[in-house]
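S.K.: This is query_13.txt (compact mmCIF, C-alpha atoms).
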```
# COMPACT_ATOMS: atom_id res chain seq x y z
CA MET Z 1 -20.85 17.80 -1.33
CA THR Z 2 -19.21 14.38 -1.13
CA ARG Z 3 -18.80 14.16 -4.92
CA PRO Z 4 -16.34 17.12 -5.07
CA ILE Z 5 -14.45 15.73 -2.07
CA ILE Z 6 -14.13 12.30 -3.65
CA THR Z 7 -13.08 13.87 -6.95
CA GLY Z 8 -10.44 15.94 -5.12
CA LEU Z 9 -9.13 12.85 -3.34
CA LEU Z 10 -9.02 11.00 -6.65
CA TRP Z 11 -6.96 13.79 -8.23
CA PHE Z 12 -4.61 13.96 -5.24
CA SER Z 13 -4.17 10.18 -5.25
CA ALA Z 14 -3.70 9.95 -9.02
CA ILE Z 15 -1.05 12.68 -8.96
CA GLY Z 16 0.61 11.35 -5.79
CA CYS Z 17 0.76 7.81 -7.15
CA GLY Z 18 2.15 9.13 -10.43
CA LEU Z 19 4.85 11.22 -8.76
CA LEU Z 20 5.92 8.33 -6.55
CA ALA Z 21 5.84 5.92 -9.49
CA TRP Z 22 8.29 8.15 -11.35
CA LEU Z 23 10.59 8.35 -8.33
CA TYR Z 24 10.55 4.56 -7.94
CA PHE Z 25 11.01 4.18 -11.71
CA ALA Z 26 14.14 6.35 -11.57
CA PHE Z 27 15.60 4.22 -8.80
CA SER Z 28 14.70 0.98 -10.59
CA THR Z 29 16.05 2.02 -13.98
CA PHE Z 30 19.26 3.90 -13.22
CA VAL Z 31 19.93 5.07 -9.65
CA MET Z 32 20.49 1.61 -8.18
CA THR Z 33 22.55 0.54 -11.20
CA ALA Z 34 24.74 3.61 -10.81
CA LEU Z 35 25.18 3.01 -7.08
CA GLY Z 36 26.13 -0.60 -7.80
CA ARG Z 37 28.86 0.51 -10.21
CA ILE Z 38 30.77 2.63 -7.72
CA ASP Z 39 32.95 1.53 -4.84
CA GLN Z 40 31.01 -0.49 -2.24
CA ALA Z 41 31.65 1.92 0.64
CA ALA Z 42 30.71 4.92 -1.51
CA GLY Z 43 27.57 3.21 -2.79
CA ILE Z 44 26.44 2.22 0.70
CA SER Z 45 27.20 5.68 2.07
CA ALA Z 46 25.29 7.32 -0.78
CA MET Z 47 22.26 5.06 -0.30
CA ASN Z 48 22.30 5.66 3.46
CA ALA Z 49 22.41 9.42 2.79
CA ILE Z 50 19.46 9.10 0.41
CA ASN Z 51 17.50 7.07 2.96
CA THR Z 52 18.16 9.62 5.70
CA THR Z 53 17.38 12.62 3.53
CA ILE Z 54 14.21 11.27 1.92
CA VAL Z 55 12.34 10.92 5.23
CA GLN Z 56 13.09 14.58 5.97
CA SER Z 57 11.89 15.83 2.58
CA LEU Z 58 8.64 16.60 0.79
CA PHE Z 59 8.58 12.93 -0.17
CA MET Z 60 7.04 11.98 3.20
CA PRO Z 61 3.84 14.08 2.97
CA PHE Z 62 3.19 12.63 -0.50
CA PHE Z 63 4.12 9.12 0.59
CA LEU Z 64 1.87 9.18 3.66
CA GLY Z 65 -0.84 11.42 2.21
CA THR Z 66 -1.25 9.34 -0.92
CA THR Z 67 -1.39 6.19 1.16
CA LEU Z 68 -4.12 7.64 3.39
CA THR Z 69 -6.18 9.05 0.52
CA SER Z 70 -5.86 5.80 -1.43
CA LEU Z 71 -7.08 3.83 1.56
CA ALA Z 72 -9.92 6.31 2.14
CA LEU Z 73 -10.98 6.04 -1.50
CA ALA Z 74 -11.01 2.24 -1.38
CA VAL Z 75 -13.14 2.22 1.78
CA THR Z 76 -15.46 4.93 0.47
CA ALA Z 77 -15.97 3.06 -2.80
CA LEU Z 78 -17.03 -0.06 -0.91
CA PHE Z 79 -19.95 1.94 0.48
CA ARG Z 80 -20.73 3.45 -2.94
CA TRP Z 81 -20.26 0.30 -4.98
CA ASN Z 82 -23.10 1.13 -7.38
CA GLU Z 83 -21.51 4.43 -8.46
CA ALA Z 84 -19.38 4.82 -11.56
CA GLY Z 85 -15.69 4.38 -10.87
CA ALA Z 86 -16.13 2.51 -7.57
CA MET Z 87 -14.39 -0.63 -8.79
CA ALA Z 88 -11.42 1.39 -10.05
CA MET Z 89 -11.25 3.26 -6.72
CA VAL Z 90 -11.19 0.01 -4.72
CA ALA Z 91 -8.67 -1.62 -7.03
CA GLY Z 92 -6.43 1.47 -7.09
CA GLY Z 93 -6.57 1.92 -3.33
CA VAL Z 94 -5.90 -1.72 -2.50
CA LEU Z 95 -3.16 -2.04 -5.10
CA TYR Z 96 -1.42 1.11 -3.92
CA VAL Z 97 -1.64 0.38 -0.21
CA ALA Z 98 -0.60 -3.27 -0.59
CA GLY Z 99 1.83 -2.94 -3.48
CA MET Z 100 3.50 0.27 -2.41
CA PHE Z 101 3.00 0.97 1.30
CA VAL Z 102 3.03 -2.60 2.64
CA VAL Z 103 5.92 -3.60 0.35
CA THR Z 104 7.87 -0.55 1.54
CA MET Z 105 7.30 -1.33 5.22
CA VAL Z 106 7.84 -5.10 4.99
CA PHE Z 107 10.72 -5.25 2.50
CA ASN Z 108 12.42 -1.95 1.61
CA VAL Z 109 12.57 -0.37 5.07
CA PRO Z 110 14.11 -3.45 6.77
CA LEU Z 111 16.69 -3.62 3.97
CA ASN Z 112 17.44 0.09 4.52
CA ASP Z 113 17.78 -0.50 8.27
CA ALA Z 114 20.20 -3.39 7.73
CA LEU Z 115 22.27 -1.26 5.36
CA ALA Z 116 22.39 1.61 7.87
CA ALA Z 117 23.66 -0.74 10.57
CA VAL Z 118 26.70 -2.03 8.69
CA ASP Z 119 30.15 -0.45 8.40
CA PRO Z 120 30.31 0.44 4.67
CA ALA Z 121 33.99 -0.58 4.42
CA SER Z 122 33.65 -3.96 6.17
CA ALA Z 123 33.79 -7.38 4.52
CA GLU Z 124 30.29 -8.07 5.88
CA ALA Z 125 29.06 -5.04 3.94
CA GLY Z 126 30.12 -6.57 0.63
CA SER Z 127 27.67 -9.47 0.74
CA LEU Z 128 24.96 -7.29 2.29
CA TRP Z 129 25.40 -4.65 -0.43
CA ALA Z 130 25.17 -7.22 -3.24
CA ARG Z 131 22.00 -8.70 -1.71
CA TYR Z 132 20.63 -5.21 -0.99
CA LEU Z 133 21.06 -4.04 -4.59
CA ASN Z 134 19.23 -7.09 -5.89
CA ASP Z 135 16.46 -7.41 -3.29
CA TRP Z 136 15.76 -3.71 -2.76
CA THR Z 137 15.51 -3.14 -6.50
CA LEU Z 138 13.20 -6.14 -6.96
CA TRP Z 139 10.77 -4.79 -4.36
CA ASN Z 140 11.16 -1.30 -5.81
CA HIS Z 141 9.98 -2.68 -9.16
CA ALA Z 142 6.84 -3.87 -7.36
CA ARG Z 143 6.35 -0.38 -5.91
CA THR Z 144 6.85 1.17 -9.34
CA ILE Z 145 4.28 -1.07 -10.99
CA SER Z 146 1.77 -0.74 -8.15
CA SER Z 147 2.02 3.04 -8.07
CA THR Z 148 1.72 3.34 -11.85
CA VAL Z 149 -1.30 1.06 -12.13
CA ALA Z 150 -2.99 2.69 -9.11
CA SER Z 151 -2.50 6.12 -10.70
CA ALA Z 152 -4.11 4.86 -13.92
CA LEU Z 153 -7.02 3.35 -11.98
CA PHE Z 154 -7.63 6.60 -10.12
CA MET Z 155 -7.55 8.49 -13.44
CA ALA Z 156 -10.03 5.99 -14.87
CA ALA Z 157 -12.33 6.62 -11.90
CA ILE Z 158 -12.08 10.37 -12.52
CA ALA Z 159 -12.93 9.86 -16.20
CA VAL Z 160 -16.17 8.00 -15.49
CA ARG Z 161 -17.40 10.21 -12.64
```
Go ahead and express the file in the form of structure tokens.
M.R.:
Amino acid sequence: MTRPIITGLLWFSAIGCGLLAWLYFAFSTFVMTALGRIDQAAGISAMNAINTTIVQSLFMPFFLGTTLTSLALAVTALFRWNEAGAMAMVAGGVLYVAGMFVVTMVFNVPLNDALAAVDPASAEAGSLWARYLNDWTLWNHARTISSTVASALFMAAIAVR
């Protein structure tokens, strides 16, 4: 019975990581660039609206669910180390949790909070916005790569099961 459960968690995690990787990829490749090209106050207001809306959307169940299933797969694989795909499950789970979830909580969320606290039209906002665009996007690249590689590792684990 545990084999179908693990396989189901692998599929959920592979798809969840892939979906989130594409979202992060979109932000890294064109959304942040577009926001940086418009007026500072408009860019900050748009990003704040995105940050408010995203936590009230279907993004959150995938964000949290994929994190939990990835962690569960990594822990489960440690106890089933001799089974095919265990190394990929551990690597995918650790990479996703550390490279996506921890990076989000330690870097992206505090940057979002700082942006939400500033008056978009103020002089202070100008330097914050420039730093935000650079730093947030850098850490978003890390989330993109981590999510993509974790998805591939989970798919590899599925393939050898």
S.K.: I want to know what sits within 9 Å of Ala142 of chain Z, based on only C-alpha atoms, with residues of the same chain fewer than 4 positions away left out; could you give that as a PDB file with C-alpha atoms, in the frame of the given file?
M.R.:
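Saved as out_4.pdb:
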```
ATOM      1  CA  GLY Z  99       1.830  -2.940  -3.480  1.00  0.00           C
ATOM      2  CA  MET Z 100       3.500   0.270  -2.410  1.00  0.00           C
ATOM      3  CA  VAL Z 103       5.920  -3.600   0.350  1.00  0.00           C
ATOM      4  CA  THR Z 137      15.510  -3.140  -6.500  1.00  0.00           C
ATOM      5  CA  LEU Z 138      13.200  -6.140  -6.960  1.00  0.00           C
ATOM      6  CA  SER Z 146       1.770  -0.740  -8.150  1.00  0.00           C
ATOM      7  CA  SER Z 147       2.020   3.040  -8.070  1.00  0.00           C
TER       8      SER Z 147
END
```
S.K.: Counting all atoms listed in the file, which residues in segment 87-156 of chain Z sit no more than 8 Å from segment 40-52 of chain Z? For each one, give the nearest pair of atoms and the distance in Å, sorted by chain then residue number, as a tab-separated table.
M.R.:
```
residue	atom	partner	partner_atom	distance
Z:Asn112	CA	Z:Asn51	CA	7.2
Z:Leu115	CA	Z:Ile44	CA	7.2
Z:Ala116	CA	Z:Asn48	CA	6.0
Z:Pro120	CA	Z:Ala41	CA	4.5
Z:Ala121	CA	Z:Ala41	CA	5.1
Z:Ala125	CA	Z:Gln40	CA	7.9
Z:Gly126	CA	Z:Gln40	CA	6.8
Z:Trp129	CA	Z:Ile44	CA	7.0
```
S.K.: Determine, using only C-alpha atoms, which residues of segment 31-141 of chain Z have any atom at most 12 Å from an atom of segment 20-23 of chain Z, and tabulate each with its shortest atom pair and distance in Å to one decimal place, rows ordered by chain and then rising number, as CSV.
M.R.:
```
residue,atom,partner,partner_atom,distance
Z:Val31,CA,Z:Leu23,CA,10.0
Z:Met32,CA,Z:Leu23,CA,12.0
Z:Ile54,CA,Z:Leu23,CA,11.3
Z:Leu58,CA,Z:Leu20,CA,11.4
Z:Phe59,CA,Z:Leu20,CA,8.3
Z:Met60,CA,Z:Leu20,CA,10.5
Z:Pro61,CA,Z:Leu20,CA,11.3
Z:Phe62,CA,Z:Leu20,CA,7.9
Z:Phe63,CA,Z:Leu20,CA,7.4
Z:Leu64,CA,Z:Leu20,CA,11.0
Z:Gly65,CA,Z:Leu20,CA,11.5
Z:Thr66,CA,Z:Leu20,CA,9.2
Z:Thr67,CA,Z:Leu20,CA,10.8
Z:Tyr96,CA,Z:Ala21,CA,10.3
Z:Gly99,CA,Z:Ala21,CA,11.4
Z:Met100,CA,Z:Ala21,CA,9.4
Z:Phe101,CA,Z:Leu20,CA,11.1
Z:Asn140,CA,Z:Ala21,CA,9.7
Z:His141,CA,Z:Ala21,CA,9.6
```
S.K.: What separation in Å, quoted to one decimal, exists between atom CA of Val90 of chain Z and atom CA of Ala157 of chain Z?
M.R.: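 Result for atom CA of Val90 of chain Z versus atom CA of Ala157 of chain Z: 9.8 Å, one decimal.
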S.K.: Just the number, please: distance in Å from atom CA of Asp39 of chain Z to atom CA of Asn134 of chain Z, one decimal.
M.R.: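 Atom CA of Asp39 of chain Z sits 16.2 Å away from atom CA of Asn134 of chain Z.
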S.K.: Calculated over all atoms listed in the file, which of the candidates Z:Val102, Z:Ala77, Z:Ala14, Z:Val55 has the smallest distance to Trp139 of chain Z?
M.R.: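 Closest candidate: Z:Val102.
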S.K.: For a quick check of understanding, using all atoms listed in the file, which of Z:Thr2, Z:Val75, Z:Trp81, Z:Asn108 has the smallest distance to Gly93 of chain Z?
M.R.: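 Ranked by minimum distance to Gly93 of chain Z, first place goes to Z:Val75.
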S.K.: What does the structure give for the distance between atom CA of Met89 of chain Z and atom CA of Leu10 of chain Z, in Å to one decimal?
M.R.: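 Those two atoms sit 8.1 Å apart.
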S.K.: Skipping near chain neighbours, those fewer than 4 positions away, what residues fall within 12 Å of Arg3 of chain Z using all atoms listed in the file, listed as an MDAnalysis selection string?
M.R.: chainID Z and resid 7:10 73 76:77 80 83:85 158 161
S.K.: As lines of an AutoDock Vina configuration file, what would the box around segment 24-30 of chain Z look like: edges along x, y and z, 5 Å added on every side, centre and edge lengths in Å to one decimal?
M.R.:
```
center_x = 14.9
center_y = 3.7
center_z = -11.0
size_x = 18.7
size_y = 15.4
size_z = 16.0
```
S.K.: Restricting the calculation to only C-alpha atoms: of Z:Ile38, Z:Met87, Z:Ala123, Z:Cys17, which residue gets closest to Leu68 of chain Z?
M.R.: Z:Cys17
S.K.: Please determine, counting all atoms listed in the file, which residue among Z:Thr104, Z:Pro4, Z:Leu153, Z:Arg37 has the shortest atom-to-atom distance to Ser70 of chain Z.
M.R.: Z:Leu153
